[in-house]
>>> print(open('data-v4.cif').read())   # mmCIF, C-alpha atoms
data_run
#
loop_
_atom_site.label_atom_id
_atom_site.label_comp_id
_atom_site.auth_asym_id
_atom_site.auth_seq_id
_atom_site.Cartn_x
_atom_site.Cartn_y
_atom_site.Cartn_z
CA MET A 1 0.00 0.00 0.00
CA SER A 2 1.27 3.45 -0.91
CA PRO A 3 1.86 5.93 1.92
CA LEU A 4 -1.08 8.13 2.74
CA PRO A 5 -0.65 11.88 2.25
CA SER A 6 -0.79 14.41 5.04
CA LEU A 7 -3.40 17.14 4.81
CA PHE A 8 -3.79 20.75 5.84
CA ILE A 9 -7.42 21.86 6.00
CA SER A 10 -8.72 25.35 6.70
CA HIS A 11 -11.69 24.71 8.99
CA GLY A 12 -13.21 28.20 8.87
CA ALA A 13 -15.87 29.28 11.33
CA PRO A 14 -17.48 26.73 13.70
CA ASP A 15 -20.74 26.75 11.74
CA LEU A 16 -19.03 25.06 8.77
CA PRO A 17 -21.25 21.91 9.02
CA LEU A 18 -24.45 24.00 8.92
CA ARG A 19 -23.52 25.92 5.79
CA THR A 20 -23.53 24.83 2.17
CA GLY A 21 -21.05 25.55 -0.56
CA PRO A 22 -17.88 24.36 -2.29
CA THR A 23 -15.94 23.72 0.93
CA GLN A 24 -18.66 21.49 2.35
CA ASP A 25 -18.83 19.63 -0.97
CA PHE A 26 -15.05 19.20 -0.93
CA LEU A 27 -15.02 17.80 2.59
CA ARG A 28 -17.92 15.43 1.93
CA SER A 29 -15.96 13.98 -0.99
CA LEU A 30 -12.62 13.91 0.85
CA PHE A 31 -12.37 10.13 1.04
CA HIS A 32 -13.04 9.86 -2.67
CA VAL A 33 -9.94 12.01 -3.27
CA VAL A 34 -7.80 10.58 -0.46
CA PRO A 35 -7.75 6.85 0.42
CA LYS A 36 -9.82 6.09 3.50
CA PRO A 37 -7.42 5.61 6.42
CA ARG A 38 -7.56 3.17 9.31
CA ALA A 39 -7.22 6.12 11.71
CA ILE A 40 -6.72 9.89 11.74
CA LEU A 41 -4.22 11.92 13.72
CA ALA A 42 -5.83 15.36 14.02
CA VAL A 43 -3.59 18.35 14.76
CA SER A 44 -5.82 21.31 15.65
CA ALA A 45 -5.16 25.04 16.04
CA HIS A 46 -7.58 24.92 19.00
CA TRP A 47 -5.53 22.68 21.28
CA LEU A 48 -2.52 24.63 22.49
CA THR A 49 -0.09 23.29 25.11
CA ALA A 50 3.45 23.86 26.29
CA SER A 51 4.58 20.41 25.11
CA PRO A 52 3.20 18.10 22.39
CA THR A 53 0.27 16.33 24.00
CA VAL A 54 -1.75 13.44 22.62
CA SER A 55 -5.27 12.43 23.64
CA THR A 56 -5.48 8.86 24.90
CA ALA A 57 -9.27 9.05 25.35
CA ALA A 58 -11.09 5.96 24.07
CA GLN A 59 -14.31 7.88 23.36
CA PRO A 60 -13.52 11.60 23.08
CA GLN A 61 -16.36 14.03 23.77
CA THR A 62 -17.46 16.75 21.35
CA ILE A 63 -16.21 20.14 22.60
CA TYR A 64 -18.20 23.32 21.84
CA ASP A 65 -15.33 25.77 22.18
CA PHE A 66 -17.18 28.75 20.69
CA GLY A 67 -20.16 30.96 21.33
CA GLY A 68 -22.83 32.94 19.56
CA PHE A 69 -23.88 30.43 16.92
CA SER A 70 -27.17 28.68 16.19
CA ARG A 71 -28.48 26.25 18.82
CA GLN A 72 -28.47 23.60 16.08
CA LEU A 73 -24.66 23.66 16.07
CA TYR A 74 -24.52 22.76 19.79
CA GLU A 75 -26.75 19.76 19.14
CA LEU A 76 -24.26 18.17 16.75
CA THR A 77 -22.03 15.44 18.16
CA TYR A 78 -19.12 13.70 16.51
CA PRO A 79 -19.26 9.98 17.37
CA ALA A 80 -15.81 8.85 16.24
CA PRO A 81 -13.87 6.78 18.78
CA GLY A 82 -10.36 7.55 19.86
CA SER A 83 -7.51 5.07 19.69
CA PRO A 84 -5.41 4.72 22.85
CA ALA A 85 -3.07 2.36 21.00
CA LEU A 86 -2.39 4.93 18.25
CA ALA A 87 -2.02 7.66 20.88
CA GLU A 88 0.69 5.62 22.58
CA ARG A 89 2.38 5.01 19.23
CA VAL A 90 2.39 8.77 18.53
CA ALA A 91 3.77 9.56 21.98
CA ALA A 92 6.54 6.99 21.55
CA MET A 93 7.49 8.41 18.14
CA LEU A 94 7.66 11.94 19.53
CA ASP A 95 9.64 10.81 22.56
CA GLY A 96 12.07 9.05 20.23
CA ALA A 97 12.53 12.29 18.30
CA GLY A 98 13.25 14.25 21.48
CA PHE A 99 9.92 16.01 21.91
CA GLU A 100 9.00 14.67 25.38
CA ALA A 101 5.35 14.03 24.57
CA ARG A 102 2.62 14.18 27.17
CA ARG A 103 -0.66 12.29 27.38
CA ASN A 104 -4.14 13.59 28.21
CA SER A 105 -6.85 11.03 28.98
CA ASP A 106 -9.73 13.54 28.90
CA ARG A 107 -9.20 15.63 25.80
CA GLY A 108 -12.11 15.55 23.35
CA PHE A 109 -12.67 16.89 19.85
CA ASP A 110 -12.48 20.69 19.62
CA HIS A 111 -14.15 22.36 16.67
CA GLY A 112 -10.91 22.38 14.68
CA VAL A 113 -11.20 18.60 14.70
CA TRP A 114 -14.88 17.82 14.47
CA THR A 115 -16.36 20.51 12.23
CA PRO A 116 -14.44 19.37 9.12
CA LEU A 117 -14.45 15.66 10.00
CA ILE A 118 -18.20 15.49 10.65
CA LEU A 119 -18.56 16.36 6.96
CA ALA A 120 -15.85 13.96 5.74
CA ASP A 121 -16.89 11.02 7.95
CA PRO A 122 -20.35 11.80 9.38
CA GLU A 123 -20.80 8.32 10.86
CA GLY A 124 -17.57 8.64 12.81
CA ALA A 125 -16.37 5.28 11.56
CA ILE A 126 -12.68 6.26 11.56
CA PRO A 127 -10.90 6.52 14.93
CA VAL A 128 -9.47 9.99 15.59
CA VAL A 129 -6.61 10.93 17.91
CA PRO A 130 -6.08 14.65 18.68
CA LEU A 131 -2.57 16.11 19.00
CA SER A 132 -1.79 19.59 20.35
CA LEU A 133 0.28 22.50 19.02
CA GLN A 134 2.82 24.68 20.85
CA PRO A 135 2.04 28.35 20.13
CA HIS A 136 5.25 29.60 21.76
CA GLU A 137 7.37 27.41 19.46
CA THR A 138 8.58 28.14 15.93
CA THR A 139 7.42 27.04 12.50
CA LEU A 140 10.57 24.87 12.40
CA HIS A 141 9.51 23.10 15.61
CA HIS A 142 6.21 22.14 14.01
CA TYR A 143 7.87 21.15 10.74
CA GLN A 144 10.18 18.81 12.68
CA LEU A 145 7.19 17.50 14.63
CA GLY A 146 5.63 16.54 11.32
CA LYS A 147 8.83 14.85 10.14
CA ALA A 148 8.86 12.75 13.31
CA LEU A 149 5.31 11.62 12.57
CA ALA A 150 5.85 10.88 8.88
CA PRO A 151 6.17 7.07 9.34
CA LEU A 152 2.49 7.00 10.33
CA ARG A 153 1.68 7.53 6.67
CA ASP A 154 3.00 4.02 5.95
CA GLU A 155 0.79 2.62 8.72
CA GLY A 156 -2.56 3.70 7.31
CA VAL A 157 -2.83 6.80 9.48
CA LEU A 158 -3.96 10.05 7.87
CA ILE A 159 -2.39 13.15 9.42
CA VAL A 160 -5.01 15.93 9.23
CA ALA A 161 -3.71 19.34 10.29
CA SER A 162 -6.63 21.70 10.85
CA GLY A 163 -6.15 25.46 10.97
CA ALA A 164 -6.62 28.37 8.60
CA ALA A 165 -4.65 29.65 5.63
CA THR A 166 -5.74 33.16 6.68
CA HIS A 167 -7.10 34.04 10.11
CA ASN A 168 -7.80 37.59 11.25
CA LEU A 169 -10.93 37.65 13.42
CA GLY A 170 -10.91 41.44 13.34
CA TYR A 171 -12.01 41.25 9.70
CA PHE A 172 -14.71 38.62 10.21
CA ASP A 173 -17.64 39.62 7.99
CA GLY A 174 -21.08 38.46 9.12
CA ARG A 175 -21.96 37.64 5.51
CA TYR A 176 -20.87 34.08 4.73
CA SER A 177 -20.34 34.81 1.02
CA ALA A 178 -18.67 38.23 1.43
CA ALA A 179 -15.87 38.97 -1.05
CA PRO A 180 -12.34 38.59 0.36
CA PRO A 181 -10.11 41.65 0.78
CA ASP A 182 -7.09 41.99 -1.50
CA TRP A 183 -4.58 41.50 1.32
CA ALA A 184 -6.08 38.09 2.16
CA VAL A 185 -6.11 36.97 -1.47
CA THR A 186 -2.52 38.11 -1.96
CA PHE A 187 -1.29 36.11 1.03
CA ASP A 188 -3.39 33.09 0.04
CA ASP A 189 -1.87 33.14 -3.45
CA TRP A 190 1.66 33.47 -2.07
CA LEU A 191 1.11 30.48 0.20
CA ALA A 192 -0.18 28.30 -2.65
CA LYS A 193 2.81 29.18 -4.87
CA ALA A 194 5.36 28.61 -2.11
CA ILE A 195 3.89 25.19 -1.37
CA LEU A 196 3.72 24.23 -5.05
CA ASN A 197 7.37 25.28 -5.50
CA ARG A 198 8.32 23.49 -2.27
CA ASP A 199 10.06 26.61 -1.04
CA ILE A 200 10.55 25.30 2.50
CA THR A 201 12.88 28.17 3.44
CA ALA A 202 10.31 30.81 2.48
CA LEU A 203 7.47 28.94 4.16
CA LEU A 204 9.31 28.53 7.44
CA ASP A 205 10.21 32.23 7.32
CA TYR A 206 6.77 33.30 6.06
CA ARG A 207 6.51 35.98 8.74
CA GLN A 208 9.25 37.95 6.98
CA ARG A 209 8.76 36.82 3.38
CA ALA A 210 5.03 36.59 2.75
CA PRO A 211 3.01 39.69 1.85
CA TYR A 212 0.63 40.85 4.61
CA ALA A 213 1.74 37.97 6.85
CA ALA A 214 0.99 39.72 10.16
CA GLN A 215 -2.31 41.07 8.87
CA ASN A 216 -3.48 37.60 7.90
CA HIS A 217 -2.09 35.99 11.05
CA PRO A 218 -1.99 38.41 14.00
CA THR A 219 -1.23 35.28 16.00
CA GLU A 220 0.31 32.18 14.48
CA GLU A 221 -1.62 29.25 15.92
CA HIS A 222 -3.94 28.81 12.91
CA LEU A 223 -1.06 28.48 10.42
CA LEU A 224 1.16 26.27 12.60
CA PRO A 225 -0.76 23.08 11.68
CA LEU A 226 0.33 23.57 8.07
CA PHE A 227 3.96 23.06 9.06
CA VAL A 228 3.15 19.74 10.71
CA ALA A 229 1.50 18.55 7.49
CA LEU A 230 4.40 19.91 5.43
CA GLY A 231 6.98 18.15 7.56
CA ALA A 232 5.08 14.87 7.45
CA GLY A 233 4.39 14.89 3.74
CA GLY A 234 6.97 16.88 1.80
CA SER A 235 5.90 18.06 -1.66
CA GLY A 236 2.45 19.63 -1.68
CA GLN A 237 -0.35 20.87 -3.88
CA GLN A 238 -3.54 22.79 -3.29
CA ILE A 239 -6.66 20.63 -3.43
CA HIS A 240 -9.26 23.22 -2.48
CA SER A 241 -9.57 27.00 -2.49
CA GLY A 242 -12.14 29.64 -1.64
CA PHE A 243 -13.14 32.16 1.01
CA THR A 244 -15.91 32.46 3.58
CA TYR A 245 -16.95 35.36 5.80
CA GLY A 246 -14.75 37.68 3.77
CA ALA A 247 -11.19 37.16 4.99
CA PHE A 248 -11.28 33.44 5.89
CA SER A 249 -9.43 31.37 3.30
CA MET A 250 -10.73 27.81 3.07
CA ALA A 251 -7.62 26.53 1.27
CA ALA A 252 -6.63 22.89 1.70
CA TYR A 253 -3.38 21.18 0.77
CA ARG A 254 -2.23 17.62 0.20
CA PHE A 255 1.38 16.72 0.98
CA GLY A 256 3.20 13.61 -0.18
#
>>> encode(input="data-v4.cif", output="structure tokens")
Amino acid sequence: MSPLPSLFISHGAPDLPLRTGPTQDFLRSLFHVVPKPRAILAVSAHWLTASPTVSTAAQPQTIYDFGGFSRQLYELTYPAPGSPALAERVAAMLDGAGFEARRNSDRGFDHGVWTPLILADPEGAIPVVPLSLQPHETTLHHYQLGKALAPLRDEGVLIVASGAATHNLGYFDGRYSAAPPDWAVTFDDWLAKAILNRDITALLDYRQRAPYAAQNHPTEEHLLPLFVALGAGGSGQQIHSGFTYGAFSMAAYRFG
């Protein structure tokens, strides 16, 4: 069996599953584009810790880590099981690479995990193991984290890094189909070209090299998942594009 790719998915606003459009269509067809894995390792921009931490929960709960949305959203639950065995495998791999992984037996699925996956696998048939990010660490740290996890691709595990190609909440437009501002489109285009050209140096130093980097990412946590996917997969290509709520890119990338 060929190695699975690693993925970076822009998860957008929490109400993603309640909306309709090209991104929802893309996610619903994800396992027609990517082979269905035996398990998913989900790296989310919404689980931030000092050290890499893996969830060992056997049946993770759905976390509603947001406010102000329709009651219908809070009634959705994501039924996928966890996988303590995979969690231990991930922790051992990270320990072996010098990351000193930690384990959390209670961590559930935050919306960075479940809002895209409830569209891709609504029955929750595929076990999912969440892994945290370290917001105080560098892009290189997360790239190396991905490289340490790359052997999972040969074991039928799909690494899904969930964040946002652009993420400035100050420019959130209440209209779901609002046109994106030029500065968001310019950064989004730069990111796609840098990934296609496999310009690892520019990507790791995006803060200095990309146009409007700080405007698109006032804080870095939503782009850090991309570097995990990049490290795990290598060469990449864009597999989805678009914008929601004005400045939120919904770009997705496949690596490997």
>>> closest_residue(input="data-v4.cif", among="A:Leu158, A:Leu145, A:Ala164, A:Leu86", to="Glu100 in chain A", atoms="only C-alpha atoms")
A:Leu145
>>> resolve_selection(input="data-v4.cif", expression="the PyMOL selection byres ((chain A and resi 87) around 12)", output="MDAnalysis selection string")
chainID A and resid 39:42 52:58 82:86 88:94 101:105 107 127:132 149 152 157
>>> resolve_selection(input="data-v4.cif", expression="the PyMOL selection byres ((chain A and resi 15) around 9)", output="number ranges by chain")
A: 12-14, 16-19, 69-70, 73, 115
>>> residues_near_point(input="data-v4.cif", point="(1.3, 23.9, 15.4)", cutoff="12 Å", atoms="all atoms listed in the file", output="PyMOL selection string")
chain A and resi 8+42-53+131-146+160-164+219-231
>>> resolve_selection(input="data-v4.cif", expression="the PyMOL selection byres ((chain A and resi 175-191) around 7)", output="PyMOL selection string")
chain A and resi 165-166+173-174+192-195+210-213+216+243-247
>>> closest_residue(input="data-v4.cif", among="A:Ala125, A:Ala214, A:Ile63, A:Ala232", to="Arg38 in chain A", atoms="all atoms listed in the file")
A:Ala125
>>> closest_residue(input="data-v4.cif", among="A:Gln215, A:Ser241, A:Thr77, A:Ser6", to="Pro22 in chain A", atoms="all atoms listed in the file")
A:Ser241
>>> closest_residue(input="data-v4.cif", among="A:Ala97, A:Leu27, A:Leu4, A:Leu203", to="Leu119 in chain A", atoms="only C-alpha atoms")
A:Leu27
>>> atom_distance(input="data-v4.cif", atom1="CA of His240 in chain A", atom2="CA of Trp114 in chain A")
18.7 Å
>>> atom_distance(input="data-v4.cif", atom1="CA of Arg207 in chain A", atom2="CA of Asp65 in chain A")
27.6 Å
>>> atom_distance(input="data-v4.cif", atom1="CA of Leu7 in chain A", atom2="CA of Thr20 in chain A")
21.7 Å
>>> closest_residue(input="data-v4.cif", among="A:Tyr78, A:Phe255, A:Phe66, A:Phe31", to="Ile159 in chain A", atoms="only C-alpha atoms")
A:Phe255
>>> closest_residue(input="data-v4.cif", among="A:Lys147, A:Ala202, A:His217, A:Ala252", to="Phe99 in chain A", atoms="all atoms listed in the file")
A:Lys147
>>> residues_near_point(input="data-v4.cif", point="(-0.6, -1.3, 1.2)", cutoff="12 Å", atoms="only C-alpha atoms", output="JSON list (two decimals) with C-alpha atoms, in the frame of the given file")
[["chain", "number", "residue", "atom", "x", "y", "z"],
["A", 1, "MET", "CA", 0.00, 0.00, 0.00],
["A", 2, "SER", "CA", 1.27, 3.45, -0.91],
["A", 3, "PRO", "CA", 1.86, 5.93, 1.92],
["A", 4, "LEU", "CA", -1.08, 8.13, 2.74],
["A", 35, "PRO", "CA", -7.75, 6.85, 0.42],
["A", 37, "PRO", "CA", -7.42, 5.61, 6.42],
["A", 38, "ARG", "CA", -7.56, 3.17, 9.31],
["A", 153, "ARG", "CA", 1.68, 7.53, 6.67],
["A", 154, "ASP", "CA", 3.00, 4.02, 5.95],
["A", 155, "GLU", "CA", 0.79, 2.62, 8.72],
["A", 156, "GLY", "CA", -2.56, 3.70, 7.31],
["A", 157, "VAL", "CA", -2.83, 6.80, 9.48]]
>>> build_atoms(input="data-v4.cif", residues="range 93-115 of chain A", atoms="N, CA and C atoms", output="PDB file, keeping the file's coordinate frame")
ATOM      1  N   MET A  93       6.757   7.837  19.270  1.00  0.00           N
ATOM      2  CA  MET A  93       7.490   8.410  18.140  1.00  0.00           C
ATOM      3  C   MET A  93       8.037   9.787  18.499  1.00  0.00           C
ATOM      4  N   LEU A  94       7.220  10.597  19.161  1.00  0.00           N
ATOM      5  CA  LEU A  94       7.660  11.940  19.530  1.00  0.00           C
ATOM      6  C   LEU A  94       8.748  11.889  20.596  1.00  0.00           C
ATOM      7  N   ASP A  95       8.589  10.980  21.552  1.00  0.00           N
ATOM      8  CA  ASP A  95       9.640  10.810  22.560  1.00  0.00           C
ATOM      9  C   ASP A  95      10.958  10.414  21.888  1.00  0.00           C
ATOM     10  N   GLY A  96      10.872   9.510  20.929  1.00  0.00           N
ATOM     11  CA  GLY A  96      12.070   9.050  20.230  1.00  0.00           C
ATOM     12  C   GLY A  96      12.757  10.148  19.447  1.00  0.00           C
ATOM     13  N   ALA A  97      11.968  11.160  19.042  1.00  0.00           N
ATOM     14  CA  ALA A  97      12.530  12.290  18.300  1.00  0.00           C
ATOM     15  C   ALA A  97      12.937  13.444  19.216  1.00  0.00           C
ATOM     16  N   GLY A  98      12.811  13.238  20.529  1.00  0.00           N
ATOM     17  CA  GLY A  98      13.250  14.250  21.480  1.00  0.00           C
ATOM     18  C   GLY A  98      12.232  15.287  21.870  1.00  0.00           C
ATOM     19  N   PHE A  99      10.955  15.008  21.633  1.00  0.00           N
ATOM     20  CA  PHE A  99       9.920  16.010  21.910  1.00  0.00           C
ATOM     21  C   PHE A  99       9.295  15.914  23.311  1.00  0.00           C
ATOM     22  N   GLU A 100       9.546  14.849  24.039  1.00  0.00           N
ATOM     23  CA  GLU A 100       9.000  14.670  25.380  1.00  0.00           C
ATOM     24  C   GLU A 100       7.474  14.857  25.398  1.00  0.00           C
ATOM     25  N   ALA A 101       6.802  13.961  24.706  1.00  0.00           N
ATOM     26  CA  ALA A 101       5.350  14.030  24.570  1.00  0.00           C
ATOM     27  C   ALA A 101       4.649  13.794  25.901  1.00  0.00           C
ATOM     28  N   ARG A 102       3.478  14.389  26.011  1.00  0.00           N
ATOM     29  CA  ARG A 102       2.620  14.180  27.170  1.00  0.00           C
ATOM     30  C   ARG A 102       1.315  13.527  26.704  1.00  0.00           C
ATOM     31  N   ARG A 103       0.595  12.958  27.671  1.00  0.00           N
ATOM     32  CA  ARG A 103      -0.660  12.290  27.380  1.00  0.00           C
ATOM     33  C   ARG A 103      -1.786  12.955  28.165  1.00  0.00           C
ATOM     34  N   ASN A 104      -2.962  13.017  27.550  1.00  0.00           N
ATOM     35  CA  ASN A 104      -4.140  13.590  28.210  1.00  0.00           C
ATOM     36  C   ASN A 104      -5.293  12.609  27.995  1.00  0.00           C
ATOM     37  N   SER A 105      -5.818  12.067  29.093  1.00  0.00           N
ATOM     38  CA  SER A 105      -6.850  11.030  28.980  1.00  0.00           C
ATOM     39  C   SER A 105      -8.252  11.605  28.830  1.00  0.00           C
ATOM     40  N   ASP A 106      -8.410  12.917  28.923  1.00  0.00           N
ATOM     41  CA  ASP A 106      -9.730  13.540  28.900  1.00  0.00           C
ATOM     42  C   ASP A 106     -10.011  14.380  27.668  1.00  0.00           C
ATOM     43  N   ARG A 107      -9.007  14.688  26.896  1.00  0.00           N
ATOM     44  CA  ARG A 107      -9.200  15.630  25.800  1.00  0.00           C
ATOM     45  C   ARG A 107     -10.146  15.084  24.740  1.00  0.00           C
ATOM     46  N   GLY A 108     -11.149  15.918  24.384  1.00  0.00           N
ATOM     47  CA  GLY A 108     -12.110  15.550  23.350  1.00  0.00           C
ATOM     48  C   GLY A 108     -11.786  16.197  22.022  1.00  0.00           C
ATOM     49  N   PHE A 109     -12.818  16.321  21.188  1.00  0.00           N
ATOM     50  CA  PHE A 109     -12.670  16.890  19.850  1.00  0.00           C
ATOM     51  C   PHE A 109     -13.089  18.361  19.881  1.00  0.00           C
ATOM     52  N   ASP A 110     -12.128  19.276  19.758  1.00  0.00           N
ATOM     53  CA  ASP A 110     -12.480  20.690  19.620  1.00  0.00           C
ATOM     54  C   ASP A 110     -13.002  20.932  18.210  1.00  0.00           C
ATOM     55  N   HIS A 111     -13.474  22.164  17.958  1.00  0.00           N
ATOM     56  CA  HIS A 111     -14.150  22.360  16.670  1.00  0.00           C
ATOM     57  C   HIS A 111     -13.178  22.349  15.490  1.00  0.00           C
ATOM     58  N   GLY A 112     -11.875  22.547  15.758  1.00  0.00           N
ATOM     59  CA  GLY A 112     -10.910  22.380  14.680  1.00  0.00           C
ATOM     60  C   GLY A 112     -10.836  20.956  14.190  1.00  0.00           C
ATOM     61  N   VAL A 113     -11.173  20.019  15.065  1.00  0.00           N
ATOM     62  CA  VAL A 113     -11.200  18.600  14.700  1.00  0.00           C
ATOM     63  C   VAL A 113     -12.551  18.199  14.118  1.00  0.00           C
ATOM     64  N   TRP A 114     -13.627  18.473  14.851  1.00  0.00           N
ATOM     65  CA  TRP A 114     -14.880  17.820  14.470  1.00  0.00           C
ATOM     66  C   TRP A 114     -15.668  18.548  13.381  1.00  0.00           C
ATOM     67  N   THR A 115     -15.525  19.867  13.253  1.00  0.00           N
ATOM     68  CA  THR A 115     -16.360  20.510  12.230  1.00  0.00           C
ATOM     69  C   THR A 115     -15.991  20.098  10.806  1.00  0.00           C
TER      70      THR A 115
END
